[in-house]
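Asker: This is coords31.cif, which holds mmCIF, C-alpha atoms and all ligand atoms:
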```
data_run
loop_
_atom_site.label_atom_id
_atom_site.label_comp_id
_atom_site.auth_asym_id
_atom_site.auth_seq_id
_atom_site.Cartn_x
_atom_site.Cartn_y
_atom_site.Cartn_z
CA MET A 1 63.09 -14.68 -65.74
CA SER A 2 61.16 -12.28 -63.55
CA ASN A 3 62.81 -9.27 -62.00
CA PRO A 4 64.04 -9.49 -58.41
CA SER A 5 61.52 -8.10 -55.95
CA LEU A 6 62.14 -5.15 -53.68
CA LEU A 7 59.73 -4.22 -50.89
CA ILE A 8 60.00 -0.56 -49.91
CA LEU A 9 58.85 0.57 -46.48
CA PRO A 10 59.39 4.34 -46.26
CA GLY A 11 58.02 4.64 -42.70
CA ASP A 12 57.76 7.93 -40.84
CA GLY A 13 59.27 11.40 -40.59
CA ILE A 14 62.09 11.85 -43.11
CA GLY A 15 61.76 8.18 -44.16
CA PRO A 16 59.43 8.94 -47.13
CA GLU A 17 61.54 11.99 -48.12
CA VAL A 18 64.82 10.09 -48.38
CA MET A 19 63.08 7.11 -49.98
CA THR A 20 61.76 9.33 -52.79
CA GLU A 21 65.38 9.94 -53.77
CA VAL A 22 66.18 6.23 -53.62
CA ARG A 23 63.21 5.51 -55.91
CA LYS A 24 64.80 7.85 -58.48
CA VAL A 25 68.05 5.87 -58.23
CA ILE A 26 66.20 2.54 -58.60
CA ASP A 27 64.42 3.88 -61.70
CA TRP A 28 67.76 5.08 -63.10
CA TYR A 29 69.19 1.55 -62.87
CA GLY A 30 66.12 0.17 -64.64
CA ALA A 31 66.36 2.72 -67.44
CA ASN A 32 70.14 2.77 -67.88
CA ARG A 33 71.68 -0.49 -66.66
CA GLY A 34 69.02 -3.07 -67.52
CA LEU A 35 68.62 -3.68 -63.81
CA SER A 36 64.89 -3.67 -63.17
CA PHE A 37 63.20 -4.57 -59.93
CA ASP A 38 59.61 -5.43 -59.13
CA VAL A 39 59.15 -2.66 -56.59
CA SER A 40 56.23 -2.60 -54.18
CA GLU A 41 55.62 -0.23 -51.33
CA ASP A 42 53.95 -0.72 -47.96
CA LEU A 43 53.55 0.81 -44.51
CA VAL A 44 55.63 0.37 -41.36
CA GLY A 45 55.91 2.14 -38.02
CA GLY A 46 53.61 5.04 -37.16
CA ALA A 47 52.26 5.15 -40.71
CA ALA A 48 51.13 1.52 -40.37
CA TYR A 49 49.68 2.21 -36.93
CA ASP A 50 47.66 5.13 -38.32
CA ALA A 51 46.26 2.95 -41.13
CA HIS A 52 45.85 -0.45 -39.43
CA GLY A 53 46.28 0.07 -35.68
CA ALA A 54 49.52 -1.95 -35.64
CA PRO A 55 53.11 -0.93 -36.51
CA LEU A 56 53.40 -3.81 -39.01
CA SER A 57 50.44 -5.73 -40.40
CA ASP A 58 50.57 -9.50 -40.91
CA GLU A 59 50.14 -8.90 -44.65
CA THR A 60 53.18 -6.61 -44.77
CA MET A 61 55.18 -9.11 -42.71
CA ALA A 62 54.31 -11.85 -45.21
CA ARG A 63 55.33 -9.63 -48.15
CA ALA A 64 58.65 -8.92 -46.43
CA GLN A 65 59.28 -12.65 -46.02
CA ASP A 66 58.63 -13.17 -49.75
CA ALA A 67 60.66 -10.21 -51.04
CA ASP A 68 64.20 -10.64 -52.37
CA ALA A 69 65.15 -7.60 -50.29
CA VAL A 70 63.43 -5.06 -48.05
CA LEU A 71 64.45 -1.40 -48.00
CA LEU A 72 63.27 0.64 -45.01
CA GLY A 73 63.38 4.40 -44.39
CA ALA A 74 62.88 5.14 -40.70
CA VAL A 75 60.18 4.78 -38.06
CA GLY A 76 59.03 6.79 -35.07
CA GLY A 77 57.79 10.17 -34.01
CA PRO A 78 56.78 12.04 -30.86
CA GLN A 79 53.05 11.63 -31.58
CA TYR A 80 53.46 7.88 -30.92
CA ASP A 81 55.21 8.26 -27.55
CA VAL A 82 51.92 7.76 -25.72
CA LEU A 83 51.23 4.36 -27.30
CA ASP A 84 51.57 1.10 -25.43
CA PHE A 85 55.03 -0.45 -25.87
CA SER A 86 53.63 -3.22 -28.12
CA LEU A 87 52.18 -0.66 -30.56
CA LYS A 88 55.11 1.72 -30.81
CA PRO A 89 56.53 2.26 -34.33
CA GLU A 90 59.87 0.64 -33.37
CA ARG A 91 58.04 -2.64 -32.71
CA GLY A 92 57.38 -2.90 -36.45
CA LEU A 93 61.09 -2.83 -37.15
CA LEU A 94 61.86 -5.30 -34.36
CA ARG A 95 59.21 -7.68 -35.71
CA LEU A 96 60.79 -7.59 -39.17
CA ARG A 97 64.25 -8.33 -37.75
CA LYS A 98 62.98 -11.11 -35.50
CA GLU A 99 60.66 -12.94 -37.88
CA MET A 100 63.10 -12.73 -40.78
CA ASP A 101 65.78 -14.01 -38.33
CA LEU A 102 68.29 -11.38 -39.42
CA PHE A 103 71.28 -12.47 -37.37
CA ALA A 104 74.08 -10.51 -39.08
CA ASN A 105 74.01 -6.73 -38.88
CA LEU A 106 76.41 -5.08 -41.31
CA ARG A 107 77.48 -1.56 -40.43
CA PRO A 108 80.06 -0.07 -42.78
CA ALA A 109 82.13 2.86 -41.58
CA GLN A 110 83.31 4.61 -44.68
CA CYS A 111 84.79 8.09 -44.75
CA PHE A 112 84.67 9.90 -48.04
CA ASP A 113 87.78 12.05 -48.45
CA ALA A 114 85.68 15.16 -48.98
CA LEU A 115 84.21 14.74 -45.50
CA ALA A 116 87.41 13.82 -43.64
CA ASP A 117 87.50 17.24 -41.95
CA PHE A 118 84.02 16.57 -40.57
CA SER A 119 85.21 13.78 -38.28
CA SER A 120 86.28 14.43 -34.71
CA LEU A 121 89.51 12.55 -35.54
CA LYS A 122 92.37 13.89 -37.65
CA ALA A 123 91.74 13.82 -41.39
CA ASP A 124 94.71 11.50 -42.10
CA VAL A 125 93.36 8.97 -39.55
CA VAL A 126 89.91 8.73 -41.16
CA GLY A 127 90.36 9.87 -44.79
CA GLY A 128 89.57 6.95 -47.11
CA LEU A 129 88.47 4.76 -44.20
CA ASP A 130 86.45 1.72 -45.33
CA ILE A 131 85.69 -0.89 -42.68
CA MET A 132 82.75 -3.18 -42.03
CA ILE A 133 81.47 -4.20 -38.63
CA VAL A 134 79.44 -7.40 -38.53
CA ARG A 135 77.41 -7.52 -35.34
CA GLU A 136 75.51 -10.62 -34.20
CA LEU A 137 71.96 -9.34 -33.87
CA THR A 138 69.61 -12.01 -32.54
CA SER A 139 71.32 -13.56 -29.51
CA GLY A 140 73.74 -12.73 -26.68
CA VAL A 141 73.14 -10.71 -23.57
CA TYR A 142 70.11 -8.80 -24.92
CA PHE A 143 68.16 -12.06 -25.22
CA GLY A 144 69.79 -14.58 -22.81
CA GLU A 145 67.87 -16.12 -19.89
CA PRO A 146 67.71 -15.80 -16.95
CA ARG A 147 67.10 -12.08 -16.96
CA GLY A 148 65.23 -9.63 -14.76
CA ILE A 149 65.36 -7.74 -11.51
CA HIS A 150 64.62 -9.60 -8.29
CA LYS A 151 65.07 -9.21 -4.60
CA GLU A 152 67.95 -10.88 -2.73
CA GLY A 153 67.67 -10.19 0.96
CA ASN A 154 67.38 -6.45 1.39
CA GLU A 155 68.40 -5.33 -2.07
CA ARG A 156 67.41 -5.72 -5.70
CA VAL A 157 69.62 -7.57 -8.17
CA GLY A 158 69.59 -6.99 -11.94
CA ILE A 159 70.49 -9.99 -14.10
CA ASN A 160 71.24 -10.49 -17.79
CA THR A 161 72.84 -13.54 -19.31
CA GLN A 162 75.38 -13.67 -22.11
CA ARG A 163 74.61 -16.90 -23.95
CA TYR A 164 75.81 -18.10 -27.35
CA THR A 165 75.45 -21.48 -29.01
CA GLU A 166 78.10 -22.80 -31.39
CA SER A 167 75.71 -22.57 -34.33
CA GLU A 168 74.86 -18.93 -33.57
CA ILE A 169 78.55 -18.05 -33.58
CA ALA A 170 79.28 -20.16 -36.65
CA ARG A 171 76.63 -18.55 -38.85
CA VAL A 172 77.68 -14.97 -38.13
CA ALA A 173 81.34 -15.95 -38.55
CA ARG A 174 80.50 -17.36 -41.99
CA SER A 175 78.76 -14.08 -42.90
CA ALA A 176 81.90 -12.16 -41.94
CA PHE A 177 84.25 -14.44 -43.91
CA GLU A 178 81.99 -14.30 -46.97
CA LEU A 179 81.98 -10.50 -46.79
CA ALA A 180 85.73 -10.35 -46.40
CA ARG A 181 86.12 -12.33 -49.63
CA LYS A 182 84.23 -9.54 -51.41
CA ARG A 183 86.47 -6.90 -49.79
CA ASP A 184 90.09 -6.95 -48.59
CA ASN A 185 89.93 -10.58 -47.35
CA ARG A 186 90.67 -9.86 -43.69
CA VAL A 187 88.55 -10.56 -40.59
CA CYS A 188 89.28 -9.47 -37.03
CA SER A 189 87.10 -11.22 -34.43
CA MET A 190 86.50 -9.36 -31.17
CA GLU A 191 85.36 -10.77 -27.80
CA LYS A 192 86.55 -10.88 -24.20
CA ALA A 193 87.96 -14.42 -24.07
CA ASN A 194 90.23 -13.27 -21.23
CA VAL A 195 87.31 -12.88 -18.81
CA MET A 196 84.19 -14.50 -20.37
CA GLU A 197 83.54 -18.17 -21.18
CA SER A 198 81.20 -17.13 -23.99
CA GLY A 199 84.21 -15.26 -25.40
CA VAL A 200 86.37 -18.40 -25.20
CA LEU A 201 83.71 -20.33 -27.13
CA TRP A 202 83.36 -17.46 -29.62
CA ARG A 203 87.12 -17.51 -30.32
CA ASP A 204 87.18 -21.33 -30.64
CA VAL A 205 84.27 -21.50 -33.06
CA VAL A 206 85.51 -18.63 -35.26
CA THR A 207 88.93 -20.32 -35.40
CA GLU A 208 87.38 -23.70 -36.33
CA ILE A 209 85.15 -22.27 -39.08
CA HIS A 210 88.12 -20.37 -40.45
CA ALA A 211 90.37 -23.46 -40.56
CA ALA A 212 87.69 -25.67 -42.10
CA GLU A 213 86.12 -23.34 -44.66
CA TYR A 214 87.89 -19.99 -45.01
CA SER A 215 91.64 -20.50 -44.62
CA ASP A 216 92.19 -18.17 -47.64
CA VAL A 217 90.89 -15.26 -45.48
CA GLU A 218 93.31 -13.63 -43.01
CA LEU A 219 91.94 -14.00 -39.46
CA SER A 220 93.04 -12.18 -36.31
CA HIS A 221 91.53 -11.92 -32.82
CA MET A 222 91.39 -8.95 -30.48
CA TYR A 223 89.83 -8.30 -27.08
CA ALA A 224 86.89 -5.96 -27.62
CA ASP A 225 88.22 -3.27 -25.28
CA ALA A 226 91.53 -3.21 -27.13
CA GLY A 227 89.50 -3.14 -30.34
CA ALA A 228 87.74 0.03 -29.21
CA MET A 229 91.12 1.68 -28.61
CA GLN A 230 92.49 0.54 -31.95
CA LEU A 231 89.38 1.82 -33.74
CA THR A 232 90.06 5.34 -32.51
CA ARG A 233 93.87 5.09 -32.80
CA TRP A 234 94.22 3.70 -36.35
CA PRO A 235 90.91 2.42 -37.75
CA LYS A 236 92.34 1.78 -41.22
CA GLN A 237 94.12 -1.35 -39.90
CA PHE A 238 90.76 -3.20 -40.07
CA ASP A 239 88.76 -4.62 -42.95
CA VAL A 240 85.89 -6.72 -41.49
CA ILE A 241 85.30 -6.88 -37.73
CA VAL A 242 82.99 -9.62 -36.41
CA THR A 243 81.68 -9.42 -32.89
CA ASP A 244 78.75 -10.25 -30.62
CA ASN A 245 75.55 -8.31 -30.05
CA LEU A 246 76.66 -6.20 -27.07
CA PHE A 247 80.19 -5.37 -28.20
CA GLY A 248 78.90 -4.85 -31.72
CA ASP A 249 76.34 -2.35 -30.50
CA LEU A 250 79.08 -0.24 -28.95
CA LEU A 251 81.81 -0.73 -31.53
CA SER A 252 79.55 -0.03 -34.52
CA ASP A 253 78.37 3.26 -33.02
CA LEU A 254 81.94 4.21 -32.24
CA ALA A 255 83.05 3.36 -35.77
CA ALA A 256 80.07 5.22 -37.22
CA MET A 257 81.03 8.44 -35.54
CA LEU A 258 84.52 8.26 -37.03
CA THR A 259 82.86 9.26 -40.26
CA GLY A 260 80.91 12.35 -39.23
CA SER A 261 77.17 12.48 -39.83
CA LEU A 262 74.28 10.11 -39.17
CA GLY A 263 72.89 11.16 -42.53
CA MET A 264 75.71 9.24 -44.26
CA LEU A 265 75.44 5.82 -42.62
CA PRO A 266 73.82 2.81 -44.32
CA SER A 267 73.26 -0.65 -42.83
CA ALA A 268 72.16 -4.13 -43.78
CA SER A 269 70.74 -6.96 -41.70
CA LEU A 270 71.10 -10.38 -43.26
CA GLY A 271 69.68 -13.79 -42.42
CA ALA A 272 69.93 -17.31 -43.80
CA PRO A 273 69.87 -17.93 -47.57
CA MET A 274 66.42 -18.35 -49.14
CA ALA A 275 65.56 -21.02 -51.72
CA ASN A 276 66.94 -18.77 -54.51
CA GLY A 277 70.29 -18.46 -52.71
CA ARG A 278 69.79 -14.83 -51.72
CA PRO A 279 69.97 -14.06 -48.00
CA LYS A 280 66.94 -12.70 -46.19
CA ALA A 281 67.80 -9.03 -46.13
CA LEU A 282 66.69 -5.70 -44.70
CA TYR A 283 68.53 -2.53 -45.74
CA GLU A 284 68.07 0.73 -43.85
CA PRO A 285 69.89 3.91 -42.94
CA VAL A 286 71.24 4.00 -39.37
CA HIS A 287 69.43 7.26 -38.62
CA GLY A 288 65.89 7.60 -37.26
CA SER A 289 62.90 9.56 -38.49
CA ALA A 290 64.41 12.96 -37.49
CA PRO A 291 61.11 14.65 -36.56
CA ASP A 292 62.99 17.91 -35.98
CA ILE A 293 63.63 18.32 -39.72
CA ALA A 294 60.83 16.20 -41.25
CA GLY A 295 58.88 17.79 -44.09
CA GLN A 296 61.38 20.59 -44.64
CA GLY A 297 63.48 19.14 -47.45
CA LYS A 298 66.56 19.21 -45.22
CA ALA A 299 67.18 15.48 -44.79
CA ASN A 300 70.32 13.96 -46.22
CA PRO A 301 69.27 11.07 -48.50
CA ILE A 302 72.78 9.60 -48.80
CA ALA A 303 72.47 7.04 -45.96
CA CYS A 304 69.38 5.60 -47.64
CA ILE A 305 70.95 5.74 -51.11
CA LEU A 306 74.03 3.92 -49.79
CA SER A 307 71.72 1.33 -48.18
CA PHE A 308 70.41 0.60 -51.68
CA ALA A 309 74.05 0.29 -52.85
CA MET A 310 74.48 -2.38 -50.15
CA ALA A 311 71.39 -4.17 -51.49
CA LEU A 312 72.91 -4.15 -54.98
CA ARG A 313 76.11 -5.70 -53.61
CA TYR A 314 74.84 -8.19 -51.01
CA SER A 315 71.40 -9.25 -52.30
CA PHE A 316 71.74 -8.86 -56.05
CA ASP A 317 75.44 -9.62 -56.62
CA GLN A 318 75.91 -6.32 -58.47
CA GLY A 319 79.15 -5.22 -56.83
CA GLU A 320 80.24 -3.10 -59.80
CA GLU A 321 76.94 -1.23 -59.89
CA ALA A 322 77.13 -0.71 -56.11
CA THR A 323 80.58 0.80 -56.57
CA ARG A 324 79.22 3.01 -59.38
CA LEU A 325 76.61 4.38 -56.96
CA GLU A 326 79.12 4.88 -54.14
CA ASP A 327 81.47 6.65 -56.57
CA ALA A 328 78.61 8.92 -57.66
CA VAL A 329 78.00 9.90 -54.03
CA GLU A 330 81.70 10.52 -53.53
CA ALA A 331 81.84 12.69 -56.66
CA VAL A 332 78.90 14.81 -55.50
CA LEU A 333 80.60 15.41 -52.16
CA ALA A 334 83.89 16.20 -53.87
CA ASP A 335 82.03 18.88 -55.85
CA GLY A 336 81.18 20.47 -52.50
CA LEU A 337 77.45 19.74 -52.38
CA ARG A 338 76.26 19.43 -48.79
CA THR A 339 72.91 18.94 -47.09
CA ALA A 340 72.56 20.97 -43.89
CA ASP A 341 73.81 18.16 -41.62
CA LEU A 342 77.17 18.16 -43.44
CA ILE A 343 77.87 21.83 -43.00
CA GLY A 344 80.33 22.75 -40.29
CA GLU A 345 82.16 25.99 -39.70
CA GLU A 346 82.57 26.85 -43.37
CA GLY A 347 79.04 28.26 -43.72
CA ARG A 348 78.29 27.24 -47.30
CA ALA A 349 74.67 27.14 -48.52
CA PRO A 350 73.03 23.74 -48.07
CA VAL A 351 71.27 21.83 -50.85
CA SER A 352 67.86 20.23 -50.32
CA THR A 353 67.06 16.51 -50.12
CA SER A 354 65.90 16.39 -53.74
CA GLU A 355 68.80 18.50 -55.02
CA MET A 356 71.18 16.00 -53.42
CA GLY A 357 69.30 13.08 -55.00
CA ASP A 358 69.33 14.77 -58.43
CA ALA A 359 73.06 15.47 -58.14
CA VAL A 360 73.73 11.77 -57.48
CA LEU A 361 71.63 10.87 -60.54
CA ALA A 362 73.60 13.32 -62.68
CA LYS A 363 76.88 11.71 -61.56
CA LEU A 364 75.46 8.26 -62.31
CA THR A 365 74.58 9.43 -65.81
CA SER A 366 78.01 10.97 -66.37
CA SER A 367 79.61 7.68 -65.24
CA LEU A 368 78.22 6.16 -68.46
CA SER A 369 80.12 8.44 -70.81
P1 LIG B 1 67.38 10.56 -35.37
O1 LIG B 1 68.41 9.70 -36.03
O2 LIG B 1 66.04 10.55 -35.98
O3 LIG B 1 67.91 12.08 -35.32
C1 LIG B 1 69.06 12.47 -34.58
C2 LIG B 1 69.58 13.81 -35.14
O4 LIG B 1 70.21 13.57 -36.41
C3 LIG B 1 68.47 14.81 -35.41
O5 LIG B 1 68.94 16.10 -35.11
C4 LIG B 1 68.20 14.69 -36.88
O6 LIG B 1 67.72 15.87 -37.49
C5 LIG B 1 69.57 14.31 -37.43
N1 LIG B 1 69.45 13.44 -38.60
C6 LIG B 1 69.12 12.13 -38.60
N2 LIG B 1 69.08 11.66 -39.85
C7 LIG B 1 69.36 12.69 -40.66
C8 LIG B 1 69.47 12.83 -42.07
N3 LIG B 1 69.25 11.80 -42.93
N4 LIG B 1 69.78 14.02 -42.57
C9 LIG B 1 70.01 15.08 -41.76
N5 LIG B 1 69.94 15.02 -40.41
C10 LIG B 1 69.61 13.83 -39.87
O7 LIG B 1 67.30 10.08 -33.85
P2 LIG B 1 66.31 10.56 -32.69
O8 LIG B 1 66.05 12.03 -32.82
O9 LIG B 1 66.91 10.03 -31.45
O10 LIG B 1 64.96 9.77 -32.94
C11 LIG B 1 63.84 10.29 -33.64
C12 LIG B 1 62.84 9.17 -33.84
O11 LIG B 1 63.39 8.16 -34.68
C13 LIG B 1 62.42 8.47 -32.54
O12 LIG B 1 61.05 8.17 -32.62
C14 LIG B 1 63.27 7.23 -32.53
O13 LIG B 1 62.68 6.19 -31.78
C15 LIG B 1 63.30 6.90 -34.01
N6 LIG B 1 64.47 6.08 -34.43
C16 LIG B 1 64.22 5.20 -35.43
C17 LIG B 1 65.27 4.46 -35.95
C18 LIG B 1 64.98 3.57 -37.11
O14 LIG B 1 63.94 3.69 -37.74
N7 LIG B 1 65.88 2.66 -37.44
C19 LIG B 1 66.57 4.64 -35.47
C20 LIG B 1 66.78 5.58 -34.46
C21 LIG B 1 65.72 6.31 -33.95
#
```
If you took the structure in this file and wrote it as structure tokens, what would it be?
Answerer:
Amino acid sequence: MSNPSLLILPGDGIGPEVMTEVRKVIDWYGANRGLSFDVSEDLVGGAAYDAHGAPLSDETMARAQDADAVLLGAVGGPQYDVLDFSLKPERGLLRLRKEMDLFANLRPAQCFDALADFSSLKADVVGGLDIMIVRELTSGVYFGEPRGIHKEGNERVGINTQRYTESEIARVARSAFELARKRDNRVCSMEKANVMESGVLWRDVVTEIHAAEYSDVELSHMYADAGAMQLTRWPKQFDVIVTDNLFGDLLSDLAAMLTGSLGMLPSASLGAPMANGRPKALYEPVHGSAPDIAGQGKANPIACILSFAMALRYSFDQGEEATRLEDAVEAVLADGLRTADLIGEEGRAPVSTSEMGDAVLAKLTSSLS
């Protein structure tokens, strides 16, 4: 059998720097765990614009559709601010998400004990936190019609429409239940069924899918505003949260900040299963291209490394190897190694991007003995 294929799109700014560290990790798995991938690399964002005049070429799009998983660094940079909207680096990313129909956005909020003091919440509230927010990504109020700004009498009116079909709700609910089965087997669905019809339908469909297909998973419902409060009061009560595009946008950013730094946050966007059973999948750190630190060896590669751990778990069914990688990251942090973004008041000396990557590799190797 051929190796699974992995398309790597490093992108712009710190994207290529953090991806260099991920390539080392991928090579380590090939050399030490018999887990080899057919890795190819291509351009996205400003780098693609510079080479081809477009932020994602049709050829790269086709390769992404064919790959078993896509791993992206980051896109963007101030030099592209002057470009027309359709040519901006971010359009490359949006095209990938849209054409691969990646409807489920997975945003874990995980707080490694060694970084608990870094959160704005108390260490005992966030220490050991491990929750997953599943946000519907391709429908809802960001896409619903009618939309626009028009004139009514003497004033302008701005309109957006929250619209969900049953099938759109059902497929993201299934993603959440499937994930829960690989975790602590609990799903909390969040909407505003008290004031929105789309929320009533959301709650109905999630309840129906649960009863018909996932009754082994524990399901609860919460209004999204109450959910926001509970996330800051006692986030460890949750395992998987499933919610719509708008609420998910807010709640996933809120949950992310429970854990401290942007440089630590991975994400996955998943679509429908392909012929080989694997979901269409794009893995990327939550952070952007960080032009302020690009090219200085200061970037934290952990968000991108943890994005590869998500690929191991959700695309390649290698949960144990994903845990090995997450444990290696945790061990490095427990040893006190910090890139500059993880240094607070204590004033310790930061390690560079490549020193952090090498330290993770060393922990991976020591996990074998
Ligand atoms: P950003 O995430 O790039 O940076 C925000 C701050 O966090 C900066 O101070 C940066 O130095 C720091 N930071 C981010 N990632 C880090 C890491 N791995 N290690 C250490 N520090 C890190 O957001 P921004 O400054 O608002 O945007 C910069 C560019 O990135 C823009 O062009 C924006 O459009 C783009 N962007 C891209 C994505 C993406 O590719 N998914 C996401 C957000 C922003």
Asker: As a quick test: using only C-alpha atoms and all ligand atoms, which residues lie no more than 9 Å away from ligand LIG 1 (chain B)? Give them as a ChimeraX atom specification.
Answerer: /A:11-15,18,45,72-81,88-90,93,261-265,284-294,298-304,339-342,353
Asker: Those selected residues, please, written with C-alpha atoms and delivered as an mmCIF file, in the frame of the given file.
Answerer:
```cif
data_model
loop_
_atom_site.group_PDB
_atom_site.id
_atom_site.type_symbol
_atom_site.label_atom_id
_atom_site.label_comp_id
_atom_site.auth_asym_id
_atom_site.auth_seq_id
_atom_site.Cartn_x
_atom_site.Cartn_y
_atom_site.Cartn_z
ATOM 1 C CA GLY A 11 58.020 4.640 -42.700
ATOM 2 C CA ASP A 12 57.760 7.930 -40.840
ATOM 3 C CA GLY A 13 59.270 11.400 -40.590
ATOM 4 C CA ILE A 14 62.090 11.850 -43.110
ATOM 5 C CA GLY A 15 61.760 8.180 -44.160
ATOM 6 C CA VAL A 18 64.820 10.090 -48.380
ATOM 7 C CA GLY A 45 55.910 2.140 -38.020
ATOM 8 C CA LEU A 72 63.270 0.640 -45.010
ATOM 9 C CA GLY A 73 63.380 4.400 -44.390
ATOM 10 C CA ALA A 74 62.880 5.140 -40.700
ATOM 11 C CA VAL A 75 60.180 4.780 -38.060
ATOM 12 C CA GLY A 76 59.030 6.790 -35.070
ATOM 13 C CA GLY A 77 57.790 10.170 -34.010
ATOM 14 C CA PRO A 78 56.780 12.040 -30.860
ATOM 15 C CA GLN A 79 53.050 11.630 -31.580
ATOM 16 C CA TYR A 80 53.460 7.880 -30.920
ATOM 17 C CA ASP A 81 55.210 8.260 -27.550
ATOM 18 C CA LYS A 88 55.110 1.720 -30.810
ATOM 19 C CA PRO A 89 56.530 2.260 -34.330
ATOM 20 C CA GLU A 90 59.870 0.640 -33.370
ATOM 21 C CA LEU A 93 61.090 -2.830 -37.150
ATOM 22 C CA SER A 261 77.170 12.480 -39.830
ATOM 23 C CA LEU A 262 74.280 10.110 -39.170
ATOM 24 C CA GLY A 263 72.890 11.160 -42.530
ATOM 25 C CA MET A 264 75.710 9.240 -44.260
ATOM 26 C CA LEU A 265 75.440 5.820 -42.620
ATOM 27 C CA GLU A 284 68.070 0.730 -43.850
ATOM 28 C CA PRO A 285 69.890 3.910 -42.940
ATOM 29 C CA VAL A 286 71.240 4.000 -39.370
ATOM 30 C CA HIS A 287 69.430 7.260 -38.620
ATOM 31 C CA GLY A 288 65.890 7.600 -37.260
ATOM 32 C CA SER A 289 62.900 9.560 -38.490
ATOM 33 C CA ALA A 290 64.410 12.960 -37.490
ATOM 34 C CA PRO A 291 61.110 14.650 -36.560
ATOM 35 C CA ASP A 292 62.990 17.910 -35.980
ATOM 36 C CA ILE A 293 63.630 18.320 -39.720
ATOM 37 C CA ALA A 294 60.830 16.200 -41.250
ATOM 38 C CA LYS A 298 66.560 19.210 -45.220
ATOM 39 C CA ALA A 299 67.180 15.480 -44.790
ATOM 40 C CA ASN A 300 70.320 13.960 -46.220
ATOM 41 C CA PRO A 301 69.270 11.070 -48.500
ATOM 42 C CA ILE A 302 72.780 9.600 -48.800
ATOM 43 C CA ALA A 303 72.470 7.040 -45.960
ATOM 44 C CA CYS A 304 69.380 5.600 -47.640
ATOM 45 C CA THR A 339 72.910 18.940 -47.090
ATOM 46 C CA ALA A 340 72.560 20.970 -43.890
ATOM 47 C CA ASP A 341 73.810 18.160 -41.620
ATOM 48 C CA LEU A 342 77.170 18.160 -43.440
ATOM 49 C CA THR A 353 67.060 16.510 -50.120
#
```
Asker: Rank A:Ser139, A:Ser269, A:Ser352, A:Ser120 by their smallest atom-to-atom distance to Ala311 (chain A), using only C-alpha atoms, and report the top residue only.
Answerer: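 The shortest atom-to-atom distance to Ala311 (chain A) comes from A:Ser269.
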Asker: With distances taken over only C-alpha atoms, which of A:Gly34, A:Leu71, A:Ser167, A:Val332 is nearest to Ala309 (chain A)?
Answerer: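 The shortest atom-to-atom distance to Ala309 (chain A) comes from A:Leu71.
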Asker: Mind pulling up the distance from CA of Glu321 (chain A) to CA of Ala334 (chain A)?
Answerer: 19.7 Å
Asker: Smallest atom-to-atom distance to Pro350 (chain A): which of A:Leu333, A:Lys182, A:Val44, A:Asp249, using only C-alpha atoms?
Answerer: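 Checking each of A:Leu333, A:Lys182, A:Val44, A:Asp249 against Pro350 (chain A), counting only C-alpha atoms, the winner is A:Leu333.
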Asker: Would you kindly return, as an NGL selection string, each protein, DNA or RNA residue with an atom no farther than 9 Å from any atom of Gly319 (chain A), considering only C-alpha atoms and excluding same-chain residues fewer than 5 positions away?
Answerer: :A and (182 or 309-310 or 312-314 or 324)
Asker: Contacts of Gln162 (chain A) at 7 Å or less, counting only C-alpha atoms, minus same-chain residues fewer than 5 places along, as a list in words?
Answerer: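 Residues meeting the cut-off are Gly140, Val141 and Gly144 of chain A.
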Asker: Hey, what's within 8 Å of Leu96 (chain A) if we count all atoms listed in the file and toss same-chain stuff fewer than 3 positions away? As a ChimeraX atom specification, please?
Answerer: /A:61,64,92-93,99-100
Asker: Dump as a compact mmCIF listing (two decimals) with C-alpha atoms, in the frame of the given file all residues having an atom at most 10 Å from (77.4, -12.0, -30.9), computed in the file's coordinates with only C-alpha atoms.
Answerer:
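Saved result, result08.txt, follows:
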```txt
# COMPACT_ATOMS: atom_id res chain seq x y z
CA PHE A 103 71.28 -12.47 -37.37
CA ALA A 104 74.08 -10.51 -39.08
CA VAL A 134 79.44 -7.40 -38.53
CA ARG A 135 77.41 -7.52 -35.34
CA GLU A 136 75.51 -10.62 -34.20
CA LEU A 137 71.96 -9.34 -33.87
CA THR A 138 69.61 -12.01 -32.54
CA SER A 139 71.32 -13.56 -29.51
CA GLY A 140 73.74 -12.73 -26.68
CA VAL A 141 73.14 -10.71 -23.57
CA TYR A 142 70.11 -8.80 -24.92
CA GLN A 162 75.38 -13.67 -22.11
CA ARG A 163 74.61 -16.90 -23.95
CA TYR A 164 75.81 -18.10 -27.35
CA THR A 165 75.45 -21.48 -29.01
CA GLU A 168 74.86 -18.93 -33.57
CA ILE A 169 78.55 -18.05 -33.58
CA VAL A 172 77.68 -14.97 -38.13
CA ALA A 173 81.34 -15.95 -38.55
CA MET A 190 86.50 -9.36 -31.17
CA GLU A 191 85.36 -10.77 -27.80
CA SER A 198 81.20 -17.13 -23.99
CA GLY A 199 84.21 -15.26 -25.40
CA TRP A 202 83.36 -17.46 -29.62
CA VAL A 242 82.99 -9.62 -36.41
CA THR A 243 81.68 -9.42 -32.89
CA ASP A 244 78.75 -10.25 -30.62
CA ASN A 245 75.55 -8.31 -30.05
CA LEU A 246 76.66 -6.20 -27.07
CA PHE A 247 80.19 -5.37 -28.20
CA GLY A 248 78.90 -4.85 -31.72
CA ASP A 249 76.34 -2.35 -30.50
```
Asker: Using all atoms listed in the file, which residues sit within 6 Å of region 19-23 of chain A once same-chain residues fewer than 3 positions away are excluded, as a list of chain:residue names?
Answerer: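 Close residues of region 19-23 of chain A: A:Pro10, A:Pro16, A:Ile26, A:Ile305, A:Gly357.
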